[in-house]
Amino acid sequence: MRDDLTIALAGNPNTGKTTLFNLLTGAHERTGNWTGVTVDTAHAAFTLNGKTARVTDLPGIYSFSPHTQDERVARDFLIQQKPAVIVNLVDAVNLERSLYLTAQLLDMRLPLVVALNQTDVAERYGIHVDADHLASHLGCPVIPMVASKGVGLEALKQAICHVAETRSLPTTRVQYGDAEPSVRRLQVCLIVAADDAGVDSRWLAIKLLERDPFARELTAGLFDELAEEECARIARHTGQKPEEAVMDARLGFIRGLARDVVQRKRVSRRRVSDVADRLLLSRPLGIPFFLGVMYVVFWLTVRLTQPLVDFTDLALNALLVNAPRIWLARLGMPEILGSLLCDGVGAGLTTVATFMPPIFMIFLCLSLLEESGYMARAAFIMDRFLNRIGLPGKAFIPLLVGFGCTVPALLATRTLEQRRDRLLTMLIAPFMSCGARMPVYAIFAMAFFPNQGNIVIFSLYLTGVVLAILSGLMLHRTLFRGGAASAFVMELPPYHLPALRGCLEHVWANLQSFLVRAGQVILTIAILLSLANALFEKAYRNPETAFAHRSAAGRVLTVPLRPMGVTGDNWPAAAALLTGLMAKEAIVGTLEVLYFQTEKTAPDSRKPFDLRAELRAAGSALFAGFSGSAATADPDRSADPAARQGLLSTLRRNFASPTAAYAYLLFVLIYSPCVAALIVLARETGWRWMGFAVTYQSLLAWLTATVFYQCASFPAAPLRSVGWLAFVTALTAAGIALLAAYGKRIAHEV
Amino acid sequence: MKSETGTPATAGKTRNLLDLQDGETGRIRSNRDRKSAEMGLFAGVRVTMFRNRKSEHSVVVGAGDARFLVSRPIAEHIELA
């Protein structure tokens, strides 16, 4: 056996590939209960018989036909990487359907082990699959398994070792009936070409008869004429298109196989899922239930975690920022070191820690919903709305993924067949407010709307969804010039109780990734800002002068944001939006650092510091929050100076009103996604579309926030509001006309 | 579960998946949509309609123990015996 053994996991979606991948490797890749969760390959390694086995989890696919990018990713991996063993997971409950991919793997003539998974569920449903008989028909090992419980794992590992050591190939070849003579004739001609391409000649012949563009690419078009002759022969003989004849023969093989190895005790059964779907997909209940579920998620995320956020903010501010500053000053350390350690590292760590409770909660809620199978139904519920913007209901899955993070949402569009659908979905996916924005919403909600925080945050998410649909409608009619929604077919997995352990593992993996990624960005920005501030002060030698110059420079940033309620003095809010381009989580960290710097230089900001008092205040806030008396506590009116510390009260001092705060949140919701998402967007669609996305979203953010603020503050300044609203209307009309004109120019591209 | 009935084929008109009402079953005779056939809605498979509303763009259909959301334009191409 080679020192490094390469193993690929292939199979239909929802057959347990990622569960098996995690089981084999100890990794914590995400499992999801719908198509499109794994749309890229995942890699990890484990030790097998003293050797390193490198496992690749391929996207779940139904066939190797080149319909979607995830199918192409899986196919290309197998052909180019040539793994030592392919483990094909088939679902014992839906064997016939699963075997379609197996039949294609037999054609590819690759070392194969079939893992017959979910045998426990099959037995429960009265379905018995004779694994030994199936193995004799397929000519390769078949291992019964229950991957979620680890049953069959050792037998699978042994089978993998055996196939790798002996380099054995499946002995069965699918016979193609009336198309078989054409397959054999073509195969003979393709021996050299197949060898050059590193593929099996029979497989290549079948692919050419199926008119697969990939096969034509592999043969550089040299055999197209010959293939067409054979296709015409098949069509004359069978009265069918050759690809249909090939498919029929393959299905005939599978049907015969299934009849032989599957025994069913019951003909049909009514499932709990079917009963639940009658209610949850019904028109009167479907949408209200979905909205209700999302509201509960936001209530849990904001309300339940608010006391923890308050406590963390106050306690860590005291321990990591204020106390160290006092100690360093007493030790006579240079001020620049104090800035770096306290305002940089300390403030950065405080910010990151403050995010953990709401991020944990929203990831947990979304994970539970995914695992339960409910999220797939959301595609059905949203189908009628998405159709109006020319998208299939299936496009809602990537949009839903966007509530966690925009990057996997963009990648999940690979499951959409049409390029136009993929483009439009990627342009509206960022409006699904990602988890990284949640800390910004949570902090502002707690500061300005302490009693209605969950309603405020829910309204932001709803606004995002509404804007996604409205943007989609506008883009559909202008840039994408109409067109009916493409047809789609999607599997609905059964409902089941989410495995809490799996959900928590998934949440922990996401939290780790978030902490590392956000922590790096936030700490870096916090350190750079505090260093820049310290150097700035040193250059001017006078803190007041440095403050005045810094404020003057910062005010320039606020000019375009004034119509949406950001005042000139609140320049940290404008600066935070710039750092938010790196990562949305950085917005709160930047605000914290910059507000502290501006308030520190004010003459009356140097209050006496009492660590015990601050920690007591933090404890009181935690107790008050969970006991329900938080609504009556107002830190700003507290006689205890320590209670006035913290970002929440700083925000209240710097934003003119809750209206201005909400307008700012609207901007944060809508404007450009982070750099990571932009890079993925550029990779998937090109730099031009990425540039369009940044411009469109940022402009829309400004328009929306301005309209909101001007409407809300109309009574206070009617003339000003009318002026701005007229300007916004004109700008919007001009933008739509421009998009329509541009849409005509690029009609052939989309 | 209702038996294989649904709307009977009128002269010259083949039955398709959209002709099944909620609870009715049928057997697929042919499916011109390759993608849905590869997913499990292929000839010979017995299907059950779970949700078919003219106002909705998709139908919910079961094949064995699998459940599918199928757009109406695709469902039209799935002929029943």
# chains A, B, ... in the order shown; residues from 1 in each chain; ligands from 1
>>> residues_around(residues="Val61 of chain B", least_positions_apart="4", cutoff="6 Å", atoms="only C-alpha atoms", output="VMD selection string")
chain B and resid 48 to 50 67 to 68
>>> closest_atom_pairs(of="chain A", to="chain B", cutoff="7 Å", atoms="only C-alpha atoms", output="tab-separated table")
residue	atom	partner	partner_atom	distance
A:Tyr62	CA	B:Met39	CA	5.7
A:Ser63	CA	B:Glu38	CA	6.5
A:Val93	CA	B:Asp65	CA	6.8
A:Asn94	CA	B:Asp65	CA	6.5
A:Arg97	CA	B:Gly40	CA	4.9
A:Tyr100	CA	B:Glu38	CA	6.8
A:Asp383	CA	B:His57	CA	7.0
A:Arg384	CA	B:His57	CA	6.4
A:Ala487	CA	B:Ser71	CA	5.3
A:Phe488	CA	B:Ser71	CA	5.5
A:Val489	CA	B:Val70	CA	4.4
A:Met490	CA	B:Leu69	CA	5.0
A:Glu491	CA	B:Phe68	CA	4.4
A:Leu492	CA	B:Arg67	CA	5.3
A:Pro493	CA	B:Arg67	CA	6.9
>>> write_last_selection(atoms="N, CA, C and O atoms", output="compact mmCIF listing (two decimals), in the first residue's frame")
# COMPACT_ATOMS: atom_id res chain seq x y z
N TYR A 62 -26.34 13.71 -7.80
CA TYR A 62 -27.18 12.59 -8.23
C TYR A 62 -26.59 11.87 -9.44
O TYR A 62 -26.92 10.72 -9.71
N SER A 63 -25.75 12.58 -10.19
CA SER A 63 -25.13 11.95 -11.35
C SER A 63 -23.89 12.76 -11.71
O SER A 63 -23.64 13.82 -11.15
N VAL A 93 -32.49 3.28 2.19
CA VAL A 93 -33.93 3.57 2.12
C VAL A 93 -34.35 3.90 0.68
O VAL A 93 -35.48 3.62 0.28
N ASN A 94 -33.45 4.49 -0.07
CA ASN A 94 -33.75 4.86 -1.47
C ASN A 94 -32.69 4.26 -2.39
O ASN A 94 -31.96 4.97 -3.08
N ARG A 97 -32.61 4.88 -6.42
CA ARG A 97 -32.19 6.23 -6.79
C ARG A 97 -30.69 6.39 -6.57
O ARG A 97 -29.99 6.96 -7.41
N TYR A 100 -28.01 5.02 -9.27
CA TYR A 100 -27.76 5.67 -10.56
C TYR A 100 -26.33 6.18 -10.62
O TYR A 100 -25.61 6.00 -11.60
N ASP A 383 -40.92 29.92 -2.87
CA ASP A 383 -40.95 29.70 -4.32
C ASP A 383 -41.80 30.74 -5.03
O ASP A 383 -41.39 31.33 -6.04
N ARG A 384 -42.99 31.01 -4.49
CA ARG A 384 -43.89 31.92 -5.22
C ARG A 384 -43.33 33.34 -5.24
O ARG A 384 -43.53 34.08 -6.20
N ALA A 487 -37.02 26.18 -14.29
CA ALA A 487 -37.65 25.08 -13.57
C ALA A 487 -36.60 24.35 -12.74
O ALA A 487 -35.42 24.35 -13.08
N PHE A 488 -37.03 23.73 -11.66
CA PHE A 488 -36.07 23.01 -10.83
C PHE A 488 -36.76 21.83 -10.16
O PHE A 488 -37.97 21.76 -10.06
N VAL A 489 -35.96 20.91 -9.71
CA VAL A 489 -36.46 19.82 -8.88
C VAL A 489 -35.50 19.69 -7.70
O VAL A 489 -34.29 19.81 -7.86
N MET A 490 -36.06 19.53 -6.52
CA MET A 490 -35.26 19.51 -5.31
C MET A 490 -35.80 18.45 -4.35
O MET A 490 -37.02 18.29 -4.25
N GLU A 491 -34.90 17.78 -3.66
CA GLU A 491 -35.37 16.76 -2.73
C GLU A 491 -35.71 17.40 -1.38
O GLU A 491 -35.01 18.31 -0.93
N LEU A 492 -36.79 16.96 -0.77
CA LEU A 492 -37.16 17.39 0.58
C LEU A 492 -36.77 16.28 1.55
O LEU A 492 -37.41 15.23 1.56
N PRO A 493 -35.76 16.48 2.38
CA PRO A 493 -35.38 15.41 3.31
C PRO A 493 -36.44 15.26 4.40
O PRO A 493 -37.21 16.20 4.66
>>> residues_around(residues="segment 362-378 of chain A", least_positions_apart="2", cutoff="7 Å", atoms="only C-alpha atoms", output="list in words")
Gly32, Asn33, Trp34, Val297, Thr301, Pro358, Ile359, Phe360, Phe380, Ile381, Met382, Gly404, Leu492, Pro493, Pro494, Tyr495, His496, Leu497, Pro498, Cys503, Leu504 and Val507 of chain A
>>> residues_around(residues="Asn16 of chain B", least_positions_apart="2", cutoff="12 Å", atoms="only C-alpha atoms", output="tab-separated table (two decimals) with N, CA and C atoms, in the first residue's frame")
chain	number	residue	atom	x	y	z
B	6	GLY	N	-56.74	9.46	-10.55
B	6	GLY	CA	-56.43	10.78	-11.07
B	6	GLY	C	-57.26	11.06	-12.30
B	7	THR	N	-56.89	12.03	-12.98
B	7	THR	CA	-57.64	12.43	-14.17
B	7	THR	C	-57.37	11.44	-15.29
B	8	PRO	N	-58.38	10.79	-15.82
B	8	PRO	CA	-58.14	9.82	-16.89
B	8	PRO	C	-57.68	10.56	-18.14
B	9	ALA	N	-56.88	9.86	-18.94
B	9	ALA	CA	-56.39	10.48	-20.17
B	9	ALA	C	-57.53	10.58	-21.16
B	10	THR	N	-57.70	11.76	-21.67
B	10	THR	CA	-58.71	11.90	-22.72
B	10	THR	C	-58.06	11.50	-24.03
B	13	LYS	N	-54.60	12.80	-25.46
B	13	LYS	CA	-53.86	13.56	-24.46
B	13	LYS	C	-53.25	12.60	-23.46
B	14	THR	N	-51.92	12.68	-23.33
B	14	THR	CA	-51.28	11.80	-22.35
B	14	THR	C	-51.37	12.43	-20.96
B	18	LEU	N	-48.95	16.46	-13.42
B	18	LEU	CA	-49.85	17.51	-12.95
B	18	LEU	C	-51.31	17.06	-12.93
B	19	ASP	N	-51.58	15.93	-13.56
B	19	ASP	CA	-52.95	15.43	-13.56
B	19	ASP	C	-53.30	14.71	-12.26
B	20	LEU	N	-52.28	14.44	-11.45
B	20	LEU	CA	-52.57	13.77	-10.17
B	20	LEU	C	-53.03	14.80	-9.15
B	21	GLN	N	-54.06	14.47	-8.42
B	21	GLN	CA	-54.51	15.33	-7.33
B	21	GLN	C	-53.88	14.82	-6.03
B	25	THR	N	-51.98	8.33	-6.82
B	25	THR	CA	-50.70	7.73	-7.23
B	25	THR	C	-50.74	7.44	-8.72
B	26	GLY	N	-49.57	7.24	-9.26
B	26	GLY	CA	-49.45	6.89	-10.68
B	26	GLY	C	-48.08	6.27	-10.92
B	27	ARG	N	-47.90	5.68	-12.09
B	27	ARG	CA	-46.58	5.11	-12.42
B	27	ARG	C	-46.02	5.89	-13.59
B	28	ILE	N	-44.77	6.27	-13.47
B	28	ILE	CA	-44.15	7.08	-14.54
B	28	ILE	C	-43.90	6.19	-15.75
B	29	ARG	N	-44.37	6.69	-16.90
B	29	ARG	CA	-44.11	5.96	-18.15
B	29	ARG	C	-42.84	6.48	-18.80
B	30	SER	N	-42.69	7.81	-18.82
B	30	SER	CA	-41.47	8.37	-19.38
B	30	SER	C	-41.24	9.76	-18.76
B	31	ASN	N	-39.97	10.15	-18.73
B	31	ASN	CA	-39.62	11.47	-18.19
B	31	ASN	C	-38.58	12.10	-19.10
B	32	ARG	N	-39.01	13.16	-19.79
B	32	ARG	CA	-38.09	13.81	-20.73
B	32	ARG	C	-37.11	14.75	-20.03
B	47	VAL	N	-45.31	6.97	-8.20
B	47	VAL	CA	-45.26	8.27	-7.53
B	47	VAL	C	-46.59	8.59	-6.86
B	49	MET	N	-48.76	11.98	-5.36
B	49	MET	CA	-48.84	13.45	-5.31
B	49	MET	C	-49.22	13.86	-3.89
B	72	ARG	N	-43.63	23.07	-11.98
B	72	ARG	CA	-44.70	22.64	-12.90
B	72	ARG	C	-44.20	22.40	-14.32
B	73	PRO	N	-43.31	23.27	-14.87
B	73	PRO	CA	-42.81	22.99	-16.23
B	73	PRO	C	-42.12	21.63	-16.34
B	74	ILE	N	-41.45	21.19	-15.29
B	74	ILE	CA	-40.80	19.87	-15.31
B	74	ILE	C	-41.85	18.78	-15.12
B	75	ALA	N	-42.78	19.02	-14.22
B	75	ALA	CA	-43.82	18.01	-13.95
B	75	ALA	C	-44.63	17.70	-15.21
B	76	GLU	N	-44.77	18.70	-16.06
B	76	GLU	CA	-45.52	18.50	-17.32
B	76	GLU	C	-44.85	17.49	-18.23
B	77	HIS	N	-43.50	17.36	-18.12
B	77	HIS	CA	-42.75	16.45	-18.98
B	77	HIS	C	-42.71	15.04	-18.45
B	78	ILE	N	-43.28	14.83	-17.27
B	78	ILE	CA	-43.24	13.49	-16.68
B	78	ILE	C	-44.57	12.80	-17.00
B	79	GLU	N	-44.52	11.87	-17.92
B	79	GLU	CA	-45.73	11.20	-18.37
B	79	GLU	C	-46.05	10.01	-17.49
B	80	LEU	N	-47.34	9.80	-17.29
B	80	LEU	CA	-47.79	8.67	-16.47
B	80	LEU	C	-48.43	7.61	-17.34
B	81	ALA	N	-48.31	6.38	-16.85
B	81	ALA	CA	-48.95	5.28	-17.57
B	81	ALA	C	-50.46	5.33	-17.38
>>> select_by_dssp(residues="segment 3-74 of chain B", states="helix (DSSP H, G or I)", output="PyMOL selection string")
chain B and resi 17-19+34-39+72-74
>>> write_last_selection(atoms="N, CA and C atoms", output="mmCIF file, in the first residue's frame")
data_model
loop_
_atom_site.group_PDB
_atom_site.id
_atom_site.type_symbol
_atom_site.label_atom_id
_atom_site.label_comp_id
_atom_site.auth_asym_id
_atom_site.auth_seq_id
_atom_site.Cartn_x
_atom_site.Cartn_y
_atom_site.Cartn_z
ATOM 1 N N LEU B 17 -47.739 14.289 -14.640
ATOM 2 C CA LEU B 17 -47.715 14.369 -13.175
ATOM 3 C C LEU B 17 -48.722 15.387 -12.643
ATOM 4 N N LEU B 18 -48.948 16.456 -13.419
ATOM 5 C CA LEU B 18 -49.848 17.515 -12.947
ATOM 6 C C LEU B 18 -51.310 17.058 -12.926
ATOM 7 N N ASP B 19 -51.578 15.932 -13.558
ATOM 8 C CA ASP B 19 -52.945 15.433 -13.565
ATOM 9 C C ASP B 19 -53.301 14.707 -12.263
ATOM 10 N N ARG B 34 -34.101 15.131 -17.866
ATOM 11 C CA ARG B 34 -33.016 14.243 -17.451
ATOM 12 C C ARG B 34 -32.664 14.400 -15.977
ATOM 13 N N LYS B 35 -32.645 15.660 -15.525
ATOM 14 C CA LYS B 35 -32.203 15.937 -14.158
ATOM 15 C C LYS B 35 -33.111 15.252 -13.145
ATOM 16 N N SER B 36 -34.418 15.430 -13.318
ATOM 17 C CA SER B 36 -35.350 14.838 -12.353
ATOM 18 C C SER B 36 -35.343 13.315 -12.467
ATOM 19 N N ALA B 37 -35.114 12.796 -13.680
ATOM 20 C CA ALA B 37 -35.024 11.346 -13.841
ATOM 21 C C ALA B 37 -33.826 10.802 -13.082
ATOM 22 N N GLU B 38 -32.708 11.503 -13.164
ATOM 23 C CA GLU B 38 -31.501 11.053 -12.458
ATOM 24 C C GLU B 38 -31.683 11.135 -10.949
ATOM 25 N N MET B 39 -32.562 12.012 -10.507
ATOM 26 C CA MET B 39 -32.778 12.153 -9.067
ATOM 27 C C MET B 39 -33.725 11.097 -8.514
ATOM 28 N N ARG B 72 -43.630 23.066 -11.985
ATOM 29 C CA ARG B 72 -44.701 22.643 -12.898
ATOM 30 C C ARG B 72 -44.201 22.402 -14.321
ATOM 31 N N PRO B 73 -43.305 23.271 -14.866
ATOM 32 C CA PRO B 73 -42.812 22.993 -16.232
ATOM 33 C C PRO B 73 -42.118 21.632 -16.342
ATOM 34 N N ILE B 74 -41.448 21.193 -15.290
ATOM 35 C CA ILE B 74 -40.802 19.873 -15.309
ATOM 36 C C ILE B 74 -41.848 18.779 -15.124
#
>>> residues_around(residues="segment 221-227 of chain A", least_positions_apart="2", cutoff="10 Å", atoms="only C-alpha atoms", output="JSON, numbers by chain")
{"A": [182, 183, 185, 186, 189, 190, 193, 205, 206, 207, 208, 209, 210, 211, 213, 215, 216, 217, 218, 219, 229, 230, 231, 232, 233]}
>>> write_last_selection(atoms="N, CA, C and O atoms", output="mmCIF file, in the first residue's frame")
data_model
loop_
_atom_site.group_PDB
_atom_site.id
_atom_site.type_symbol
_atom_site.label_atom_id
_atom_site.label_comp_id
_atom_site.auth_asym_id
_atom_site.auth_seq_id
_atom_site.Cartn_x
_atom_site.Cartn_y
_atom_site.Cartn_z
ATOM 1 N N SER A 182 -22.866 0.243 -30.392
ATOM 2 C CA SER A 182 -22.255 1.557 -30.656
ATOM 3 C C SER A 182 -21.178 1.856 -29.620
ATOM 4 O O SER A 182 -20.117 2.391 -29.952
ATOM 5 N N VAL A 183 -21.455 1.495 -28.380
ATOM 6 C CA VAL A 183 -20.469 1.719 -27.309
ATOM 7 C C VAL A 183 -19.186 0.962 -27.632
ATOM 8 O O VAL A 183 -18.082 1.514 -27.548
ATOM 9 N N ARG A 185 -18.096 -0.209 -30.560
ATOM 10 C CA ARG A 185 -17.405 0.283 -31.763
ATOM 11 C C ARG A 185 -16.616 1.535 -31.440
ATOM 12 O O ARG A 185 -15.465 1.688 -31.842
ATOM 13 N N LEU A 186 -17.233 2.439 -30.718
ATOM 14 C CA LEU A 186 -16.587 3.706 -30.360
ATOM 15 C C LEU A 186 -15.413 3.470 -29.395
ATOM 16 O O LEU A 186 -14.358 4.110 -29.509
ATOM 17 N N CYS A 189 -12.102 2.676 -30.996
ATOM 18 C CA CYS A 189 -11.437 3.829 -31.619
ATOM 19 C C CYS A 189 -10.831 4.778 -30.584
ATOM 20 O O CYS A 189 -9.962 5.597 -30.931
ATOM 21 N N LEU A 190 -11.298 4.687 -29.347
ATOM 22 C CA LEU A 190 -10.908 5.691 -28.349
ATOM 23 C C LEU A 190 -9.807 5.221 -27.403
ATOM 24 O O LEU A 190 -9.456 5.948 -26.476
ATOM 25 N N ALA A 193 -6.851 7.681 -27.267
ATOM 26 C CA ALA A 193 -7.298 8.988 -26.753
ATOM 27 C C ALA A 193 -7.648 8.901 -25.265
ATOM 28 O O ALA A 193 -7.337 9.798 -24.477
ATOM 29 N N ALA A 205 -16.473 6.490 -24.395
ATOM 30 C CA ALA A 205 -17.405 6.201 -25.485
ATOM 31 C C ALA A 205 -18.847 6.505 -25.059
ATOM 32 O O ALA A 205 -19.621 7.123 -25.792
ATOM 33 N N ILE A 206 -19.188 6.076 -23.847
ATOM 34 C CA ILE A 206 -20.557 6.318 -23.344
ATOM 35 C C ILE A 206 -20.813 7.818 -23.240
ATOM 36 O O ILE A 206 -21.888 8.312 -23.607
ATOM 37 N N LYS A 207 -19.819 8.552 -22.757
ATOM 38 C CA LYS A 207 -19.979 10.007 -22.584
ATOM 39 C C LYS A 207 -20.144 10.712 -23.924
ATOM 40 O O LYS A 207 -20.908 11.658 -24.058
ATOM 41 N N LEU A 208 -19.404 10.233 -24.929
ATOM 42 C CA LEU A 208 -19.546 10.846 -26.253
ATOM 43 C C LEU A 208 -20.938 10.568 -26.830
ATOM 44 O O LEU A 208 -21.537 11.437 -27.453
ATOM 45 N N LEU A 209 -21.440 9.361 -26.588
ATOM 46 C CA LEU A 209 -22.789 9.044 -27.064
ATOM 47 C C LEU A 209 -23.838 9.886 -26.320
ATOM 48 O O LEU A 209 -24.895 10.194 -26.867
ATOM 49 N N GLU A 210 -23.538 10.241 -25.086
ATOM 50 C CA GLU A 210 -24.450 11.100 -24.312
ATOM 51 C C GLU A 210 -24.274 12.570 -24.675
ATOM 52 O O GLU A 210 -24.913 13.447 -24.100
ATOM 53 N N ARG A 211 -23.348 12.821 -25.605
ATOM 54 C CA ARG A 211 -23.062 14.202 -26.074
ATOM 55 C C ARG A 211 -22.612 15.089 -24.905
ATOM 56 O O ARG A 211 -23.000 16.252 -24.816
ATOM 57 N N PRO A 213 -20.281 17.547 -23.176
ATOM 58 C CA PRO A 213 -19.250 18.490 -23.652
ATOM 59 C C PRO A 213 -17.864 18.194 -23.068
ATOM 60 O O PRO A 213 -16.845 18.439 -23.710
ATOM 61 N N ALA A 215 -16.542 15.276 -22.480
ATOM 62 C CA ALA A 215 -15.924 14.199 -23.259
ATOM 63 C C ALA A 215 -15.382 14.763 -24.576
ATOM 64 O O ALA A 215 -14.311 14.357 -25.040
ATOM 65 N N ARG A 216 -16.115 15.695 -25.151
ATOM 66 C CA ARG A 216 -15.646 16.307 -26.408
ATOM 67 C C ARG A 216 -14.373 17.103 -26.180
ATOM 68 O O ARG A 216 -13.479 17.112 -27.012
ATOM 69 N N GLU A 217 -14.328 17.745 -25.021
ATOM 70 C CA GLU A 217 -13.111 18.505 -24.667
ATOM 71 C C GLU A 217 -11.940 17.567 -24.517
ATOM 72 O O GLU A 217 -10.833 17.861 -24.987
ATOM 73 N N LEU A 218 -12.166 16.439 -23.848
ATOM 74 C CA LEU A 218 -11.076 15.482 -23.591
ATOM 75 C C LEU A 218 -10.509 14.924 -24.895
ATOM 76 O O LEU A 218 -9.328 14.601 -24.986
ATOM 77 N N THR A 219 -11.383 14.784 -25.907
ATOM 78 C CA THR A 219 -10.929 14.215 -27.182
ATOM 79 C C THR A 219 -10.643 15.294 -28.219
ATOM 80 O O THR A 219 -10.401 14.986 -29.394
ATOM 81 N N GLU A 229 -22.266 9.748 -35.829
ATOM 82 C CA GLU A 229 -22.733 8.625 -36.663
ATOM 83 C C GLU A 229 -23.363 7.542 -35.801
ATOM 84 O O GLU A 229 -24.428 7.007 -36.129
ATOM 85 N N GLU A 230 -22.680 7.221 -34.708
ATOM 86 C CA GLU A 230 -23.216 6.191 -33.817
ATOM 87 C C GLU A 230 -24.503 6.659 -33.147
ATOM 88 O O GLU A 230 -25.423 5.871 -32.932
ATOM 89 N N CYS A 231 -24.558 7.973 -32.827
ATOM 90 C CA CYS A 231 -25.779 8.519 -32.225
ATOM 91 C C CYS A 231 -26.950 8.372 -33.190
ATOM 92 O O CYS A 231 -28.059 7.989 -32.803
ATOM 93 N N ALA A 232 -26.687 8.673 -34.468
ATOM 94 C CA ALA A 232 -27.751 8.562 -35.474
ATOM 95 C C ALA A 232 -28.200 7.108 -35.603
ATOM 96 O O ALA A 232 -29.394 6.814 -35.758
ATOM 97 N N ARG A 233 -27.222 6.179 -35.523
ATOM 98 C CA ARG A 233 -27.542 4.756 -35.629
ATOM 99 C C ARG A 233 -28.457 4.337 -34.470
ATOM 100 O O ARG A 233 -29.436 3.626 -34.667
#
>>> decode(residues="segment 213-225 of chain A", atoms="N, CA, C and O atoms", output="PDB file, in the first residue's frame")
ATOM      1  N   PRO A 213     -20.281  17.547 -23.176  1.00  0.00           N
ATOM      2  CA  PRO A 213     -19.250  18.490 -23.652  1.00  0.00           C
ATOM      3  C   PRO A 213     -17.864  18.194 -23.068  1.00  0.00           C
ATOM      4  O   PRO A 213     -16.845  18.439 -23.710  1.00  0.00           O
ATOM      5  N   PHE A 214     -17.839  17.647 -21.863  1.00  0.00           N
ATOM      6  CA  PHE A 214     -16.557  17.344 -21.232  1.00  0.00           C
ATOM      7  C   PHE A 214     -15.813  16.276 -22.015  1.00  0.00           C
ATOM      8  O   PHE A 214     -14.596  16.357 -22.209  1.00  0.00           O
ATOM      9  N   ALA A 215     -16.542  15.276 -22.480  1.00  0.00           N
ATOM     10  CA  ALA A 215     -15.924  14.199 -23.259  1.00  0.00           C
ATOM     11  C   ALA A 215     -15.382  14.763 -24.576  1.00  0.00           C
ATOM     12  O   ALA A 215     -14.311  14.357 -25.040  1.00  0.00           O
ATOM     13  N   ARG A 216     -16.115  15.695 -25.151  1.00  0.00           N
ATOM     14  CA  ARG A 216     -15.646  16.307 -26.408  1.00  0.00           C
ATOM     15  C   ARG A 216     -14.373  17.103 -26.180  1.00  0.00           C
ATOM     16  O   ARG A 216     -13.479  17.112 -27.012  1.00  0.00           O
ATOM     17  N   GLU A 217     -14.328  17.745 -25.021  1.00  0.00           N
ATOM     18  CA  GLU A 217     -13.111  18.505 -24.667  1.00  0.00           C
ATOM     19  C   GLU A 217     -11.940  17.567 -24.517  1.00  0.00           C
ATOM     20  O   GLU A 217     -10.833  17.861 -24.987  1.00  0.00           O
ATOM     21  N   LEU A 218     -12.166  16.439 -23.848  1.00  0.00           N
ATOM     22  CA  LEU A 218     -11.076  15.482 -23.591  1.00  0.00           C
ATOM     23  C   LEU A 218     -10.509  14.924 -24.895  1.00  0.00           C
ATOM     24  O   LEU A 218      -9.328  14.601 -24.986  1.00  0.00           O
ATOM     25  N   THR A 219     -11.383  14.784 -25.907  1.00  0.00           N
ATOM     26  CA  THR A 219     -10.929  14.215 -27.182  1.00  0.00           C
ATOM     27  C   THR A 219     -10.643  15.294 -28.219  1.00  0.00           C
ATOM     28  O   THR A 219     -10.401  14.986 -29.394  1.00  0.00           O
ATOM     29  N   ALA A 220     -10.692  16.560 -27.771  1.00  0.00           N
ATOM     30  CA  ALA A 220     -10.402  17.716 -28.647  1.00  0.00           C
ATOM     31  C   ALA A 220     -11.264  17.705 -29.899  1.00  0.00           C
ATOM     32  O   ALA A 220     -10.844  18.159 -30.971  1.00  0.00           O
ATOM     33  N   GLY A 221     -12.463  17.138 -29.790  1.00  0.00           N
ATOM     34  CA  GLY A 221     -13.391  17.150 -30.918  1.00  0.00           C
ATOM     35  C   GLY A 221     -13.031  16.216 -32.057  1.00  0.00           C
ATOM     36  O   GLY A 221     -13.713  16.185 -33.079  1.00  0.00           O
ATOM     37  N   LEU A 222     -11.981  15.421 -31.897  1.00  0.00           N
ATOM     38  CA  LEU A 222     -11.507  14.581 -32.998  1.00  0.00           C
ATOM     39  C   LEU A 222     -12.465  13.433 -33.339  1.00  0.00           C
ATOM     40  O   LEU A 222     -12.447  12.908 -34.447  1.00  0.00           O
ATOM     41  N   PHE A 223     -13.292  13.061 -32.342  1.00  0.00           N
ATOM     42  CA  PHE A 223     -14.175  11.918 -32.566  1.00  0.00           C
ATOM     43  C   PHE A 223     -15.641  12.326 -32.647  1.00  0.00           C
ATOM     44  O   PHE A 223     -16.536  11.478 -32.582  1.00  0.00           O
ATOM     45  N   ASP A 224     -15.879  13.622 -32.797  1.00  0.00           N
ATOM     46  CA  ASP A 224     -17.265  14.108 -32.805  1.00  0.00           C
ATOM     47  C   ASP A 224     -18.061  13.506 -33.953  1.00  0.00           C
ATOM     48  O   ASP A 224     -19.221  13.095 -33.790  1.00  0.00           O
ATOM     49  N   GLU A 225     -17.428  13.464 -35.127  1.00  0.00           N
ATOM     50  CA  GLU A 225     -18.160  12.977 -36.305  1.00  0.00           C
ATOM     51  C   GLU A 225     -18.517  11.500 -36.144  1.00  0.00           C
ATOM     52  O   GLU A 225     -19.648  11.071 -36.415  1.00  0.00           O
TER      53      GLU A 225
END
